[in-house]
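Enquirer: Below is the file structure.tsv, which contains TSV, C-alpha atoms.
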```tsv
chain	number	residue	atom	x	y	z
A	564	MET	CA	-42.50	143.03	-115.03
A	565	LYS	CA	-44.49	140.04	-113.82
A	566	ASN	CA	-42.76	137.17	-112.08
A	567	CYS	CA	-43.59	133.63	-113.00
A	568	VAL	CA	-42.73	130.11	-111.92
A	569	ILE	CA	-42.88	127.05	-114.14
A	570	VAL	CA	-43.86	123.68	-112.67
A	571	GLU	CA	-43.48	121.02	-115.33
A	572	ASP	CA	-41.73	117.66	-115.21
A	573	GLU	CA	-41.15	117.34	-118.92
A	574	PHE	CA	-37.98	119.06	-120.13
A	575	THR	CA	-39.16	119.96	-123.62
A	576	ALA	CA	-42.40	121.42	-122.33
A	577	GLN	CA	-40.42	123.46	-119.78
A	578	GLU	CA	-38.31	124.91	-122.56
A	579	VAL	CA	-41.35	125.81	-124.66
A	580	VAL	CA	-43.04	127.60	-121.76
A	581	LYS	CA	-39.81	129.44	-120.88
A	582	HIS	CA	-39.38	130.59	-124.44
A	583	LEU	CA	-42.95	131.85	-124.82
A	584	ALA	CA	-42.99	133.46	-121.38
A	585	VAL	CA	-39.82	135.45	-121.92
A	586	LYS	CA	-39.91	136.24	-125.60
A	587	TYR	CA	-43.59	137.03	-126.04
A	588	GLY	CA	-44.99	137.38	-122.54
A	589	GLY	CA	-42.28	139.74	-121.26
A	590	LEU	CA	-42.25	137.75	-118.03
A	591	ASN	CA	-39.49	137.28	-115.53
A	592	ILE	CA	-38.94	133.60	-114.68
A	593	LEU	CA	-38.12	133.27	-111.00
A	594	ALA	CA	-37.67	129.50	-111.03
A	595	THR	CA	-38.50	126.27	-112.82
A	596	PHE	CA	-39.37	123.02	-111.05
A	597	ASP	CA	-39.87	119.46	-112.25
A	598	ASN	CA	-41.78	118.40	-109.13
A	599	ALA	CA	-44.60	119.79	-107.05
A	600	GLU	CA	-43.06	119.61	-103.59
A	601	ASP	CA	-40.08	121.88	-104.25
A	602	ALA	CA	-42.27	124.23	-106.24
A	603	LEU	CA	-44.77	124.54	-103.39
A	604	LYS	CA	-42.05	125.36	-100.88
A	605	PHE	CA	-40.68	128.04	-103.14
A	606	ILE	CA	-44.00	129.56	-104.10
A	607	ASN	CA	-45.38	129.70	-100.57
A	608	GLN	CA	-42.24	131.55	-99.47
A	609	ASN	CA	-42.25	133.97	-102.40
A	610	GLU	CA	-45.41	135.99	-102.59
A	611	THR	CA	-43.82	138.02	-105.37
A	612	VAL	CA	-44.87	135.20	-107.70
A	613	ASP	CA	-47.54	136.62	-110.02
A	614	ILE	CA	-48.12	133.67	-112.33
A	615	VAL	CA	-47.63	129.92	-112.00
A	616	PHE	CA	-47.53	127.76	-115.13
A	617	LEU	CA	-48.59	124.40	-113.83
A	618	ASP	CA	-48.68	120.96	-115.35
A	619	ILE	CA	-51.46	118.78	-113.94
A	620	HIS	CA	-49.79	115.40	-114.04
A	621	LEU	CA	-46.69	115.77	-111.89
A	622	PRO	CA	-44.62	112.88	-110.53
A	623	ASP	CA	-45.24	113.53	-106.84
A	624	MET	CA	-48.75	114.98	-106.74
A	625	SER	CA	-51.46	116.25	-109.04
A	626	GLY	CA	-51.65	119.88	-110.04
A	627	PHE	CA	-54.96	120.10	-108.20
A	628	SER	CA	-53.50	118.88	-104.89
A	629	PHE	CA	-50.78	121.42	-105.53
A	630	LEU	CA	-53.37	124.20	-105.84
A	631	GLU	CA	-55.00	123.18	-102.58
A	632	ASN	CA	-51.70	123.76	-100.84
A	633	VAL	CA	-50.83	127.16	-102.23
A	634	THR	CA	-51.17	129.65	-99.38
A	635	PHE	CA	-51.70	132.89	-101.29
A	636	ASN	CA	-53.28	133.99	-104.57
A	637	PRO	CA	-51.03	133.89	-107.61
A	638	LYS	CA	-52.68	133.49	-111.01
A	639	VAL	CA	-52.37	129.95	-112.30
A	640	VAL	CA	-52.28	128.84	-115.92
A	641	LEU	CA	-52.67	125.09	-116.27
A	642	ILE	CA	-50.73	123.52	-119.10
A	643	THR	CA	-51.43	119.89	-119.87
A	644	SER	CA	-51.96	117.36	-122.60
A	645	ASP	CA	-54.98	116.06	-120.72
A	646	LYS	CA	-58.17	117.56	-122.10
A	647	ASN	CA	-60.41	115.91	-119.56
A	648	LEU	CA	-59.74	117.95	-116.45
A	649	ALA	CA	-61.00	121.37	-117.48
A	650	LEU	CA	-64.20	120.89	-115.53
A	651	THR	CA	-62.27	120.15	-112.34
A	652	ALA	CA	-60.11	123.21	-113.03
A	653	TYR	CA	-63.19	125.43	-112.83
A	654	ASN	CA	-63.44	124.52	-109.14
A	655	PHE	CA	-60.21	126.36	-108.42
A	656	ASP	CA	-60.41	130.13	-108.25
A	657	LEU	CA	-56.69	130.57	-108.81
A	658	VAL	CA	-56.90	129.02	-112.26
A	659	VAL	CA	-57.29	131.67	-114.94
A	660	ASP	CA	-56.75	129.48	-117.96
A	661	TYR	CA	-56.31	125.92	-119.13
A	662	LEU	CA	-54.00	125.34	-122.08
A	663	VAL	CA	-53.71	122.09	-123.95
A	664	LYS	CA	-50.37	121.01	-125.41
A	665	PRO	CA	-48.97	121.59	-127.95
A	666	LEU	CA	-48.89	125.24	-126.90
A	667	GLN	CA	-49.82	127.86	-129.45
A	668	LYS	CA	-48.27	131.30	-129.12
A	669	ASP	CA	-51.53	133.22	-129.57
A	670	ARG	CA	-53.42	131.10	-127.11
A	671	PHE	CA	-50.56	131.43	-124.63
A	672	MET	CA	-50.67	135.23	-124.95
A	673	GLU	CA	-54.41	135.23	-124.32
A	674	ALA	CA	-53.76	133.40	-121.09
A	675	ILE	CA	-51.05	135.81	-119.98
A	676	ASN	CA	-53.19	138.81	-120.74
A	677	GLN	CA	-55.74	137.54	-118.24
A	678	CYS	CA	-53.14	137.30	-115.51
B	705	MET	CA	-75.26	142.43	-109.40
B	706	ASN	CA	-77.82	142.37	-112.16
B	707	CYS	CA	-78.17	139.12	-114.02
B	708	ILE	CA	-80.16	137.43	-116.76
B	709	ILE	CA	-80.86	133.76	-117.39
B	710	VAL	CA	-80.64	132.30	-120.88
B	711	ASP	CA	-81.94	128.74	-121.15
B	712	ASP	CA	-84.48	127.17	-123.49
B	713	GLN	CA	-85.97	125.01	-120.74
B	714	ASP	CA	-88.42	126.54	-118.26
B	715	SER	CA	-87.49	124.07	-115.54
B	716	ALA	CA	-83.79	124.84	-115.90
B	717	ARG	CA	-84.42	128.57	-115.56
B	718	LEU	CA	-86.41	127.90	-112.44
B	719	VAL	CA	-83.49	125.99	-110.92
B	720	VAL	CA	-81.16	128.94	-111.56
B	721	ARG	CA	-83.72	131.30	-110.12
B	722	GLN	CA	-83.84	129.25	-106.94
B	723	LEU	CA	-80.06	129.19	-106.66
B	724	CYS	CA	-79.99	132.97	-107.10
B	725	GLU	CA	-82.41	133.43	-104.22
B	726	GLY	CA	-79.75	132.17	-101.84
B	727	ILE	CA	-77.36	134.97	-102.83
B	728	ASN	CA	-77.57	138.51	-101.51
B	729	ASP	CA	-76.98	141.28	-103.96
B	730	LEU	CA	-78.03	139.27	-107.02
B	731	ASP	CA	-81.06	140.45	-108.99
B	732	ILE	CA	-82.52	138.57	-111.94
B	733	ILE	CA	-83.73	141.29	-114.26
B	734	GLU	CA	-84.89	139.09	-117.13
B	735	GLU	CA	-85.13	135.50	-118.39
B	736	PHE	CA	-84.85	134.35	-121.98
B	737	SER	CA	-85.70	131.07	-123.64
B	738	SER	CA	-83.63	131.93	-126.70
B	739	ALA	CA	-80.13	133.32	-127.11
B	740	ILE	CA	-81.21	135.66	-129.90
B	741	GLU	CA	-83.79	137.34	-127.66
B	742	ALA	CA	-81.13	137.76	-124.99
B	743	ILE	CA	-78.74	139.39	-127.45
B	744	LYS	CA	-81.41	141.86	-128.53
B	745	PHE	CA	-81.98	142.73	-124.89
B	746	LEU	CA	-78.27	143.12	-124.17
B	747	ASN	CA	-77.92	145.55	-127.05
B	748	GLN	CA	-80.19	147.87	-125.05
B	749	GLN	CA	-79.13	147.17	-121.53
B	750	SER	CA	-76.03	146.03	-119.70
B	751	VAL	CA	-75.93	143.39	-117.01
B	752	ASP	CA	-73.23	142.04	-114.70
B	753	VAL	CA	-73.82	138.32	-114.95
B	754	ILE	CA	-75.31	136.03	-117.59
B	755	PHE	CA	-76.34	132.50	-116.66
B	756	LEU	CA	-76.16	130.60	-119.88
B	757	ASP	CA	-77.11	127.16	-121.09
B	758	ILE	CA	-74.88	125.63	-123.78
B	759	HIS	CA	-77.23	123.39	-125.71
B	760	MET	CA	-80.05	125.45	-127.12
B	761	PRO	CA	-81.79	124.93	-130.45
B	762	GLY	CA	-80.46	127.03	-133.33
B	763	PHE	CA	-78.06	129.26	-131.46
B	764	SER	CA	-75.79	127.59	-128.92
B	765	GLY	CA	-74.32	129.07	-125.77
B	766	PHE	CA	-70.92	129.36	-127.43
B	767	ASP	CA	-72.45	131.12	-130.46
B	768	PHE	CA	-73.96	133.52	-127.97
B	769	VAL	CA	-70.64	134.17	-126.22
B	770	GLN	CA	-68.96	134.88	-129.55
B	771	THR	CA	-71.65	137.38	-130.53
B	772	LEU	CA	-71.70	139.14	-127.21
B	773	LYS	CA	-70.36	142.67	-126.92
B	774	SER	CA	-70.61	143.13	-123.21
B	775	ALA	CA	-68.37	143.23	-120.19
B	776	ALA	CA	-70.73	140.85	-118.41
B	777	GLN	CA	-69.34	137.75	-116.76
B	778	ILE	CA	-70.79	134.52	-118.06
B	779	VAL	CA	-71.56	131.48	-115.96
B	780	LEU	CA	-72.35	128.39	-117.99
B	781	ILE	CA	-74.97	126.10	-116.54
B	782	THR	CA	-75.33	122.78	-118.27
B	783	ALA	CA	-75.76	119.06	-117.88
B	784	ASP	CA	-72.92	118.48	-120.33
B	785	LYS	CA	-69.59	117.80	-118.63
B	786	ASP	CA	-67.57	117.64	-121.80
B	787	LEU	CA	-67.28	121.23	-122.96
B	788	ALA	CA	-65.26	122.81	-120.14
B	789	ILE	CA	-62.13	122.79	-122.26
B	790	GLU	CA	-63.91	124.85	-124.92
B	791	ALA	CA	-65.23	127.20	-122.27
B	792	TYR	CA	-61.67	128.13	-121.36
B	793	GLU	CA	-61.29	129.58	-124.84
B	794	TYR	CA	-63.52	132.50	-123.81
B	795	GLU	CA	-62.23	135.06	-121.37
B	796	SER	CA	-65.75	136.23	-120.54
B	797	ILE	CA	-66.73	132.80	-119.19
B	798	SER	CA	-66.06	132.90	-115.46
B	799	ASP	CA	-67.38	129.55	-114.44
B	800	TYR	CA	-68.81	126.27	-115.71
B	801	LEU	CA	-71.40	124.61	-113.50
B	802	VAL	CA	-72.71	121.13	-114.13
B	803	LYS	CA	-76.18	120.18	-112.97
B	804	PRO	CA	-77.14	119.30	-110.31
B	805	ILE	CA	-75.57	122.37	-108.71
B	806	THR	CA	-75.21	122.69	-104.95
B	807	GLN	CA	-75.92	126.00	-103.28
B	808	GLU	CA	-72.38	125.90	-101.95
B	809	ARG	CA	-70.79	125.60	-105.37
B	810	PHE	CA	-73.08	128.31	-106.69
B	811	LYS	CA	-72.09	130.65	-103.89
B	812	LYS	CA	-68.44	130.02	-104.62
B	813	SER	CA	-69.09	130.78	-108.26
B	814	MET	CA	-70.76	134.10	-107.40
B	815	ASN	CA	-67.75	135.10	-105.29
B	816	LYS	CA	-65.51	134.33	-108.22
B	817	VAL	CA	-67.69	136.44	-110.49
B	818	LYS	CA	-67.69	139.35	-108.04
B	819	ASN	CA	-63.92	139.28	-107.95
B	820	LYS	CA	-63.64	139.18	-111.70
B	821	LEU	CA	-66.26	141.77	-112.32
B	822	HIS	CA	-64.56	145.09	-112.29
B	823	ARG	CA	-66.45	148.04	-111.08
B	824	THR	CA	-68.65	148.95	-113.95
B	825	SER	CA	-69.15	152.54	-114.64
B	826	MET	CA	-70.39	155.02	-117.12
B	827	ILE	CA	-68.29	157.74	-118.58
B	828	GLN	CA	-69.87	161.14	-118.83
B	829	HIS	CA	-70.62	161.75	-122.44
B	830	GLY	CA	-70.80	165.11	-124.13
B	831	GLY	CA	-68.34	167.96	-124.02
B	832	SER	CA	-65.13	168.03	-125.94
B	833	SER	CA	-61.50	168.24	-125.05
B	834	SER	CA	-61.72	172.03	-124.89
B	835	ASP	CA	-63.98	171.63	-121.85
B	836	LEU	CA	-61.29	169.79	-119.97
B	837	ILE	CA	-60.67	171.19	-116.57
B	838	GLY	CA	-57.11	170.90	-115.38
B	839	ASN	CA	-55.50	167.50	-115.48
B	840	ASP	CA	-58.41	165.26	-114.63
B	841	LEU	CA	-61.00	163.05	-116.20
B	842	TYR	CA	-64.24	162.34	-114.39
B	843	ILE	CA	-65.85	158.96	-114.77
B	844	ASN	CA	-69.11	157.86	-113.27
B	845	ILE	CA	-68.63	154.83	-111.05
B	846	ASP	CA	-71.54	153.48	-109.05
B	847	ARG	CA	-73.40	156.75	-109.72
B	848	ARG	CA	-70.56	158.74	-108.25
B	849	LEU	CA	-68.27	160.90	-110.32
B	850	THR	CA	-64.76	159.73	-109.68
B	851	LYS	CA	-61.78	161.83	-110.55
B	852	LEU	CA	-58.90	160.25	-112.39
B	853	LYS	CA	-55.74	162.23	-112.91
B	854	PHE	CA	-54.53	161.90	-116.47
B	855	ASP	CA	-51.11	161.19	-115.11
B	856	ASP	CA	-52.41	158.19	-113.14
B	857	ILE	CA	-53.85	156.49	-116.20
B	858	LEU	CA	-51.52	153.84	-117.59
B	859	PHE	CA	-53.49	152.74	-120.60
B	860	ILE	CA	-56.96	152.23	-121.97
B	861	LYS	CA	-58.15	149.10	-123.69
B	862	ALA	CA	-61.24	148.73	-125.85
B	863	LYS	CA	-63.48	145.77	-125.10
B	864	GLY	CA	-66.70	145.68	-127.09
B	865	ASP	CA	-68.99	148.41	-125.81
B	866	TYR	CA	-66.70	149.02	-122.87
B	867	ILE	CA	-63.25	150.33	-122.21
B	868	ASP	CA	-60.90	149.31	-119.44
B	869	VAL	CA	-59.14	152.27	-117.88
B	870	LYS	CA	-56.08	151.01	-116.05
B	871	THR	CA	-54.36	153.00	-113.34
B	872	HIS	CA	-51.58	151.86	-111.04
B	873	LYS	CA	-54.05	150.70	-108.42
B	874	GLU	CA	-57.32	150.02	-110.20
B	875	MET	CA	-58.97	148.83	-113.36
B	876	TYR	CA	-62.13	150.75	-114.19
B	877	VAL	CA	-64.59	149.35	-116.67
B	878	VAL	CA	-66.35	152.20	-118.36
B	879	HIS	CA	-69.24	152.07	-120.77
B	880	SER	CA	-67.71	154.05	-123.61
B	881	THR	CA	-65.59	153.73	-126.72
B	882	LEU	CA	-61.94	154.31	-127.36
B	883	LYS	CA	-62.79	157.06	-129.82
B	884	LYS	CA	-64.85	158.98	-127.25
B	885	ILE	CA	-62.23	158.84	-124.55
B	886	LYS	CA	-59.48	159.70	-127.01
B	887	ASP	CA	-61.14	163.05	-127.60
B	888	LYS	CA	-61.01	163.72	-123.89
B	889	LEU	CA	-57.39	162.88	-123.33
B	890	PRO	CA	-54.56	165.34	-123.82
B	891	ASP	CA	-52.52	164.13	-126.78
B	892	ASN	CA	-49.25	165.33	-125.31
B	893	ILE	CA	-49.11	162.22	-123.13
B	894	PHE	CA	-51.61	159.83	-124.71
B	895	LEU	CA	-51.17	157.94	-127.92
B	896	GLN	CA	-53.04	155.19	-129.70
B	897	THR	CA	-50.72	152.26	-130.32
B	898	HIS	CA	-53.23	149.78	-131.61
B	899	ARG	CA	-56.86	149.55	-132.72
B	900	SER	CA	-57.77	148.58	-129.16
B	901	TYR	CA	-55.22	150.48	-127.08
B	902	ILE	CA	-54.38	154.02	-126.04
B	903	ILE	CA	-51.35	154.35	-123.80
B	904	ASN	CA	-49.93	157.02	-121.54
B	905	PHE	CA	-46.52	157.00	-123.13
B	906	THR	CA	-44.81	158.67	-120.19
B	907	LYS	CA	-45.38	155.33	-118.42
B	908	ILE	CA	-43.48	153.20	-120.89
B	909	ILE	CA	-40.77	151.05	-119.38
B	910	ASP	CA	-39.44	149.57	-122.58
B	911	ILE	CA	-40.35	148.93	-126.17
B	912	GLU	CA	-39.92	145.78	-128.18
B	913	ASP	CA	-40.61	145.20	-131.86
B	914	ASN	CA	-44.35	145.12	-131.59
B	915	SER	CA	-45.12	145.79	-127.97
B	916	VAL	CA	-44.51	148.22	-125.14
B	917	LEU	CA	-44.21	147.42	-121.47
B	918	ILE	CA	-46.19	149.61	-119.05
B	919	GLU	CA	-45.79	148.54	-115.44
B	920	LYS	CA	-46.51	144.84	-115.76
B	921	ASN	CA	-48.63	145.06	-118.87
B	922	VAL	CA	-47.54	144.21	-122.38
B	923	ILE	CA	-49.38	146.43	-124.86
B	924	PRO	CA	-49.32	145.69	-128.59
B	925	ILE	CA	-48.18	148.27	-131.12
B	926	SER	CA	-49.63	147.92	-134.57
B	927	ARG	CA	-47.37	148.53	-137.55
B	928	SER	CA	-49.30	151.61	-138.63
B	929	ASN	CA	-49.08	153.26	-135.21
B	930	ARG	CA	-45.44	152.51	-134.58
B	931	PRO	CA	-43.86	155.41	-136.53
B	932	GLU	CA	-45.94	157.96	-134.58
B	933	LEU	CA	-44.85	156.42	-131.28
B	934	ILE	CA	-41.20	156.49	-132.26
B	935	ARG	CA	-41.50	160.07	-133.48
B	936	ARG	CA	-43.04	161.15	-130.19
B	937	LEU	CA	-40.41	159.41	-128.16
B	938	ASN	CA	-37.68	161.23	-130.02
B	939	LEU	CA	-39.17	164.47	-128.80
B	940	LEU	CA	-38.74	163.53	-125.17
```
Represent the structure of the file as structure tokens.

Expert:
Amino acid sequence: MKNCVIVEDEFTAQEVVKHLAVKYGGLNILATFDNAEDALKFINQNETVDIVFLDIHLPDMSGFSFLENVTFNPKVVLITSDKNLALTAYNFDLVVDYLVKPLQKDRFMEAINQC
Amino acid sequence: MNCIIVDDQDSARLVVRQLCEGINDLDIIEEFSSAIEAIKFLNQQSVDVIFLDIHMPGFSGFDFVQTLKSAAQIVLITADKDLAIEAYEYESISDYLVKPITQERFKKSMNKVKNKLHRTSMIQHGGSSSDLIGNDLYINIDRRLTKLKFDDILFIKAKGDYIDVKTHKEMYVVHSTLKKIKDKLPDNIFLQTHRSYIINFTKIIDIEDNSVLIEKNVIPISRSNRPELIRRLNLL
């Protein structure tokens, strides 16, 4: 079973990702964070993380700064309501997919299947 | 890696050609000024990488991607910054490069493609299951016949003209069809669960309503294939 971490500051969005990840993705959620700093600490100490669901606009830093500070190679699925950063996302090799809120189950599954 | 360039503008193709010259192990085998011509070509021959423009008259880059039945990785090359979000809709698109493109960014892109591009191979055609020797399947990878033990295969997924053969350690991309490989697999451990999937059902970890878990992979079960799966499991 793949391990995932959710980094998302919005409670409702967290719940939606959790639900989809467990019910349809068959994923094991290791932890959920509402800020980048704590998430980075956790992720860099847990190389068992397979997938990171990452919001781009986080209170303490951007999702892209976050990616620059990840020290190993988990797969990252960006989840955001901002449609304008997909081009920037292509610059990061860790990013396998870019999902725009509201999340659709089928699109979410496509992302997971690439991880 | 073999690649082709698909762009309606001569000057744009030249730019890509120049970028490619800076990369070892990248051969341009053909250039096309129209997507339709490229599709005709790809029906005959497989390539590893396709450099693709988005805005072309008649048939756009995205139309092309939708039509494509190939395991090739696509790198979009365009002056249009606004379509990256759409590009993420297609799994086969590995990268999106906006002109002007630096050699550095291009190099990075080619590394990404190499990582994504699984080892492409050709399955040996011909012969039937009665010719099977022991417990192995031979597939041709990089012109070398590689032995796969049936028992090491987790599942097989159809993908256009290719199939992905997944083992614990590797994913092999083989130029073949699900139907062909099905004939070569012993049906005491392999079972089709879905139009696009054959699984080794001794590897199942658990089963949900419409999916099975094999190692870390969730495999769909279609309604019509489910009764057979359940029947088989009862035998174990």

Enquirer: Return as a ChimeraX atom specification the residues belonging to chain B that are within 9 Å of chain A, counting all atoms listed in the file.

Expert: /B:785-793,795,798-802,809,812-813,816,917-922

Enquirer: Between CA of Lys664 (chain A) and CA of Ser644 (chain A), what distance in Å does the model show, to one decimal?

Expert: 4.9 Å

Enquirer: Please determine, counting all atoms listed in the file, which residue among A:Val640, A:Ala576, A:Leu593, A:Leu630 has the shortest atom-to-atom distance to Leu617 (chain A).

Expert: A:Val640

Enquirer: Under the rule that only C-alpha atoms are counted, which of A:Ala599, A:Ile592, A:Val585, A:Leu641 is the nearest residue to Ser625 (chain A)?

Expert: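 When distances to Ser625 (chain A) are compared using only C-alpha atoms, the smallest one comes from A:Ala599.
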
Enquirer: Could you tell me how far CA of Pro931 (chain B) sits from CA of Ser915 (chain B), in Å to one decimal place?

Expert: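 Straight-line distance from CA of Ser915 (chain B) to CA of Pro931 (chain B) works out to 12.9 Å.
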
Enquirer: Expressed in Å to a single decimal, how great is the separation between CA of Ser926 (chain B) and CA of His898 (chain B)?

Expert: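 Distance between the two atoms: 5.0 Å.
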
Enquirer: Smallest atom-to-atom distance to Leu583 (chain A): which of A:Asp601, A:Val658, A:Phe627, A:Cys567, using only C-alpha atoms?

Expert: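 Looking only at the distances to Leu583 (chain A), the closest residue turns out to be A:Cys567.
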
Enquirer: For Asn929 (chain B), list every protein, DNA or RNA residue within 12 Å, evaluated using all atoms listed in the file, and leave out those in the same chain fewer than 5 positions away; present the list as number ranges by chain.

Expert: B: 895-903, 914-915, 924, 934-936
